[in-house]
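S.K.: Got upload-v5.txt for you, compact mmCIF, C-alpha atoms:
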# COMPACT_ATOMS: atom_id res chain seq x y z
CA ARG A 10 30.55 -123.04 67.96
CA GLU A 11 28.78 -119.74 67.20
CA TYR A 12 31.09 -119.18 64.21
CA TYR A 13 32.61 -122.57 63.46
CA GLY A 14 29.92 -125.12 64.40
CA SER A 15 30.10 -126.83 60.98
CA PHE A 16 32.00 -126.69 57.69
CA GLY A 17 29.17 -124.91 55.88
CA LYS A 18 28.78 -122.37 58.65
CA SER A 19 32.51 -121.71 58.63
CA MET A 20 32.43 -121.00 54.88
CA VAL A 21 29.56 -118.56 55.35
CA ILE A 22 31.44 -116.80 58.16
CA LEU A 23 34.57 -116.48 56.03
CA PHE A 24 32.52 -114.98 53.21
CA MET A 25 30.80 -112.56 55.59
CA VAL A 26 34.19 -111.44 56.91
CA ILE A 27 35.55 -110.43 53.50
CA SER A 28 32.26 -108.92 52.33
CA GLY A 29 31.68 -106.67 55.35
CA GLY A 30 28.99 -108.76 56.99
CA LEU A 31 31.06 -109.32 60.14
CA ASP A 32 34.01 -107.66 61.86
CA TRP A 33 36.95 -109.97 61.27
CA ARG A 34 38.36 -109.27 64.75
CA ASP A 35 35.28 -110.84 66.32
CA VAL A 36 35.77 -113.93 64.16
CA ALA A 37 39.53 -114.13 64.77
CA MET A 38 39.47 -114.15 68.57
CA PRO A 39 37.77 -117.59 68.92
CA LEU A 40 40.42 -119.10 66.64
CA GLU A 41 43.19 -118.07 69.03
CA VAL A 42 41.36 -119.91 71.82
CA ILE A 43 41.08 -123.05 69.69
CA SER A 44 44.75 -123.02 68.62
CA PRO A 45 47.44 -120.30 68.27
CA VAL A 46 48.22 -121.61 64.78
CA TYR A 47 44.80 -120.69 63.38
CA LEU A 48 45.09 -116.94 64.04
CA PRO A 49 48.13 -116.32 61.72
CA ILE A 50 46.45 -118.49 59.08
CA PHE A 51 43.27 -116.41 59.35
CA ILE A 52 45.24 -113.13 59.15
CA PHE A 53 47.02 -114.42 56.04
CA TYR A 54 43.62 -115.37 54.58
CA MET A 55 42.28 -111.84 55.19
CA PHE A 56 45.41 -110.26 53.70
CA PHE A 57 45.31 -112.50 50.64
CA MET A 58 41.60 -111.98 50.01
CA GLN A 59 41.52 -108.22 50.63
CA PHE A 60 44.73 -107.17 48.84
CA GLY A 61 44.97 -109.99 46.34
CA VAL A 62 41.81 -111.63 45.11
CA LEU A 63 39.32 -108.79 45.65
CA ASN A 64 41.61 -106.16 44.09
CA VAL A 65 42.14 -108.39 41.06
CA VAL A 66 38.40 -108.98 40.72
CA VAL A 67 37.61 -105.26 41.00
CA GLY A 68 40.40 -104.37 38.56
CA THR A 69 39.18 -106.94 36.05
CA PHE A 70 35.62 -105.68 36.38
CA VAL A 71 36.67 -102.05 35.84
CA ALA A 72 38.86 -102.99 32.86
CA THR A 73 35.99 -104.94 31.30
CA LEU A 74 33.59 -102.02 31.72
CA THR A 75 36.15 -99.62 30.22
CA ASP A 76 36.65 -101.92 27.25
CA ILE A 77 32.88 -102.14 26.73
CA ALA A 78 32.56 -98.35 26.91
CA ASN A 79 35.36 -97.88 24.35
CA LYS A 80 33.76 -100.38 22.00
CA ASP A 81 30.43 -98.62 22.43
CA LYS A 82 32.04 -95.29 21.46
CA GLU A 83 33.66 -96.90 18.43
CA SER A 84 30.30 -98.38 17.42
CA MET A 85 28.62 -94.99 17.74
CA VAL A 86 31.32 -93.33 15.62
CA LYS A 87 31.06 -96.08 13.03
CA PHE A 88 27.27 -95.75 12.96
CA GLU A 89 27.46 -91.97 12.50
CA LEU A 90 30.02 -92.31 9.71
CA GLU A 91 27.86 -94.84 7.90
CA ALA A 92 24.76 -92.64 8.32
CA TRP A 93 26.71 -89.64 7.01
CA LYS A 94 27.93 -91.61 4.00
CA ASN A 95 24.41 -92.84 3.22
CA TYR A 96 23.08 -89.29 3.48
CA THR A 97 25.71 -87.81 1.15
CA ASP A 98 25.24 -90.70 -1.29
CA GLY A 99 21.50 -89.98 -1.32
CA ILE A 100 22.15 -86.29 -2.06
CA ARG A 101 24.46 -87.18 -4.97
CA SER A 102 21.92 -89.63 -6.38
CA PHE A 103 19.20 -86.97 -6.20
CA PHE A 104 21.44 -84.44 -7.98
CA LEU A 105 22.42 -86.83 -10.77
CA ALA A 106 18.80 -87.82 -11.33
CA ALA A 107 17.67 -84.17 -11.47
CA ASP A 108 20.49 -83.16 -13.84
CA THR A 109 18.66 -84.27 -16.98
CA ASP A 110 21.00 -82.52 -19.45
CA LYS A 111 24.08 -84.09 -17.75
CA SER A 112 25.80 -80.70 -17.60
CA GLY A 113 27.12 -81.22 -14.08
CA THR A 114 25.02 -78.30 -12.84
CA LEU A 115 21.41 -78.05 -11.73
CA SER A 116 19.17 -75.22 -12.92
CA TRP A 117 15.97 -74.04 -11.27
CA GLU A 118 13.93 -75.52 -14.09
CA GLU A 119 15.53 -78.94 -13.64
CA LEU A 120 15.07 -78.87 -9.88
CA SER A 121 11.44 -77.73 -9.98
CA ARG A 122 10.61 -80.28 -12.68
CA HIS A 123 12.26 -83.06 -10.68
CA LEU A 124 10.36 -82.10 -7.54
CA GLN A 125 7.02 -82.55 -9.29
CA ASP A 126 7.35 -86.29 -8.79
CA ARG A 127 5.72 -87.26 -5.48
CA LYS A 128 8.24 -89.99 -4.81
CA VAL A 129 11.11 -87.56 -5.37
CA LYS A 130 9.45 -84.99 -3.11
CA ALA A 131 8.96 -87.59 -0.39
CA TYR A 132 12.57 -88.74 -0.77
CA PHE A 133 13.80 -85.16 -0.49
CA GLN A 134 11.74 -84.64 2.65
CA ALA A 135 13.06 -87.93 4.03
CA MET A 136 16.51 -86.36 3.88
CA ASP A 137 15.20 -83.79 6.40
CA LEU A 138 15.04 -80.94 3.86
CA ASP A 139 12.06 -78.58 3.69
CA ILE A 140 10.86 -78.11 0.11
CA SER A 141 7.70 -76.12 0.87
CA GLN A 142 9.46 -73.08 -0.66
CA ALA A 143 11.52 -74.72 -3.35
CA HIS A 144 12.64 -71.52 -5.08
CA VAL A 145 13.93 -70.05 -1.82
CA LEU A 146 15.74 -73.33 -1.22
CA PHE A 147 17.30 -73.10 -4.68
CA GLU A 148 18.51 -69.55 -4.00
CA LEU A 149 20.05 -70.66 -0.70
CA LEU A 150 21.82 -73.53 -2.42
CA ASP A 151 23.03 -71.26 -5.25
CA ALA A 152 26.00 -69.87 -3.33
CA ASN A 153 27.57 -67.89 -6.20
CA GLY A 154 24.25 -66.63 -7.60
CA ASN A 155 24.75 -67.81 -11.20
CA ASN A 156 21.31 -69.49 -11.38
CA SER A 157 22.85 -72.94 -11.42
CA ILE A 158 24.01 -75.31 -8.69
CA SER A 159 27.08 -77.48 -8.92
CA LEU A 160 27.31 -80.85 -7.20
CA ASP A 161 29.55 -79.44 -4.46
CA GLU A 162 27.19 -76.52 -3.86
CA PHE A 163 24.23 -78.88 -3.72
CA CYS A 164 25.87 -81.31 -1.27
CA GLN A 165 27.28 -78.62 1.02
CA GLY A 166 24.04 -76.64 0.93
CA CYS A 167 21.84 -79.66 1.72
CA ILE A 168 24.09 -80.62 4.62
CA ARG A 169 24.03 -77.06 5.91
CA LEU A 170 20.24 -76.73 5.58
CA LYS A 171 19.45 -80.20 6.91
CA GLY A 172 16.86 -80.18 9.68
CA SER A 173 15.64 -77.23 11.70
CA ALA A 174 17.69 -74.30 12.95
CA LYS A 175 20.01 -75.29 15.78
CA SER A 176 21.08 -73.18 18.72
CA VAL A 177 24.50 -72.56 17.18
CA ASP A 178 22.85 -71.29 13.96
CA LEU A 179 20.63 -68.84 15.86
CA ASN A 180 23.49 -67.60 18.00
CA MET A 181 25.66 -67.14 14.92
CA LEU A 182 22.89 -65.10 13.29
CA LEU A 183 22.49 -62.95 16.41
CA MET A 184 26.24 -62.36 16.57
CA LYS A 185 26.36 -61.28 12.91
CA ASN A 186 23.38 -58.97 13.45
CA ARG A 187 25.08 -57.36 16.44
CA ARG A 188 28.25 -56.83 14.44
CA LEU A 189 26.26 -55.34 11.57
CA CYS A 190 24.41 -52.99 13.94
CA ASP A 191 27.71 -51.87 15.47
CA GLN A 192 29.16 -51.19 12.02
CA VAL A 193 26.05 -49.22 10.99
CA GLN A 194 26.21 -47.13 14.16
CA GLU A 195 29.91 -46.45 13.66
CA TYR A 196 29.28 -45.46 10.06
CA ALA A 197 26.38 -43.18 11.07
CA ALA A 198 28.46 -41.46 13.74
CA SER A 199 31.38 -41.04 11.32
CA SER A 200 29.09 -39.69 8.59
CA GLU A 201 27.46 -37.22 10.97
CA SER A 202 30.81 -35.80 12.05
CA ARG A 203 31.95 -35.51 8.44
CA PHE A 204 28.74 -33.73 7.44
CA LYS A 205 29.21 -31.27 10.30
CA ARG A 206 32.77 -30.49 9.22
CA LEU A 207 31.60 -30.10 5.63
CA GLU A 208 28.81 -27.72 6.68
CA GLU A 209 31.25 -25.68 8.72
CA GLU A 210 33.68 -25.43 5.83
CA LEU A 211 30.92 -24.44 3.39
CA GLY A 212 29.21 -22.16 5.86
CA VAL A 213 25.93 -23.96 5.43
CA GLU A 214 23.50 -24.00 8.36
CA THR A 215 21.60 -27.14 9.29
CA THR A 216 17.85 -27.27 9.04
CA LYS A 217 17.44 -27.01 12.80
CA GLU A 218 19.67 -23.92 12.96
CA VAL A 219 17.72 -22.23 10.13
CA LEU A 220 14.37 -22.97 11.79
CA ALA A 221 15.67 -21.65 15.10
How does this structure look as structure tokens?
M.R.:
Amino acid sequence: REYYGSFGKSMVILFMVISGGLDWRDVAMPLEVISPVYLPIFIFYMFFMQFGVLNVVVGTFVATLTDIANKDKESMVKFELEAWKNYTDGIRSFFLAADTDKSGTLSWEELSRHLQDRKVKAYFQAMDLDISQAHVLFELLDANGNNSISLDEFCQGCIRLKGSAKSVDLNMLLMKNRRLCDQVQEYAASSESRFKRLEEELGVETTKEVLA
């Protein structure tokens, strides 16, 4: 009666057994007293629920979560691609509007004249590009140094200069500086040894030797 006093109570007990609320051995023993037939039925119920139904439910739940996560990744990739396309389209529109002579290249005069418009300046800043030093920006965009910027140079330069300096940019700059310092030191050491050999061959004393 403690476990099976009524139909509702029996259902609750069966749920508690499969969910960890009760030890199923404690619930099974009274069934053997009632009738030997009930114990095998209860064992089959536990086997079916534990290795059949619950595993299927857990597997379905995991598969659903995995599918949702994959769709979320696809949505993020799609969103980034659309944002990238909108950004590059905005850069091209800016370039075409600034290229007043329709030459396919942008001169400093055209760029500075186009940036005089407040709306254009605000639009350029909205693309996360600093225009406080416009001439420096033009020189950075002018990759080949011919005082004119092509559409490809403008797009690639704006993408490269977008936003503030990132950690990878700073580390790249530090790495290049270290390499440059190493090259300068190697060149200085090589030049010093060559000068010494040249002085020895010419019989010329160094300033320190003369003073000594």
S.K.: Extract, using all atoms listed in the file, all DNA, RNA and protein residues at most 12 Å from Gly99 in chain A, discarding same-chain residues fewer than 4 positions from it, and format them as a ChimeraX atom specification.
M.R.: /A:92-95,103-106,129,132-137,163-164,167-168
S.K.: Report, in Å to a single decimal, how far apart CA of Val66 in chain A and CA of Ile50 in chain A are.
M.R.: 22.2 Å
S.K.: Have a look at A:Phe51, A:Phe56, A:Phe204, A:Tyr196 and name the one nearest to Asp35 in chain A; count only C-alpha atoms.
M.R.: A:Phe51
S.K.: Can you tell me how far CA of Leu150 in chain A sits from CA of Ile100 in chain A, in Å to one decimal?
M.R.: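 Going from CA of Leu150 in chain A over to CA of Ile100 in chain A covers 12.8 Å.
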S.K.: Select, from A:Thr114, A:Ser15, A:Ser121, A:Thr97, the residue with the minimum atom-to-atom distance to Glu162 in chain A, counting all atoms listed in the file.
M.R.: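 Result for the nearest residue to Glu162 in chain A: A:Thr114.
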S.K.: Tell me which of A:Ala107, A:Leu90, A:Arg206, A:Gly113 sits closest to Asp126 in chain A, counting all atoms listed in the file.
M.R.: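 Among the listed residues, the smallest separation from Asp126 in chain A belongs to A:Ala107.
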S.K.: What is the distance between CA of Glu119 in chain A and CA of His144 in chain A, in Å to one decimal?
M.R.: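 Distance reported for this atom pair: 11.7 Å.
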S.K.: Which one of A:Thr75, A:Gln192, A:Asn156, A:Ser28 sits closest to Leu63 in chain A if you count only C-alpha atoms?
M.R.: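 The answer is A:Ser28, which sits nearest to Leu63 in chain A.
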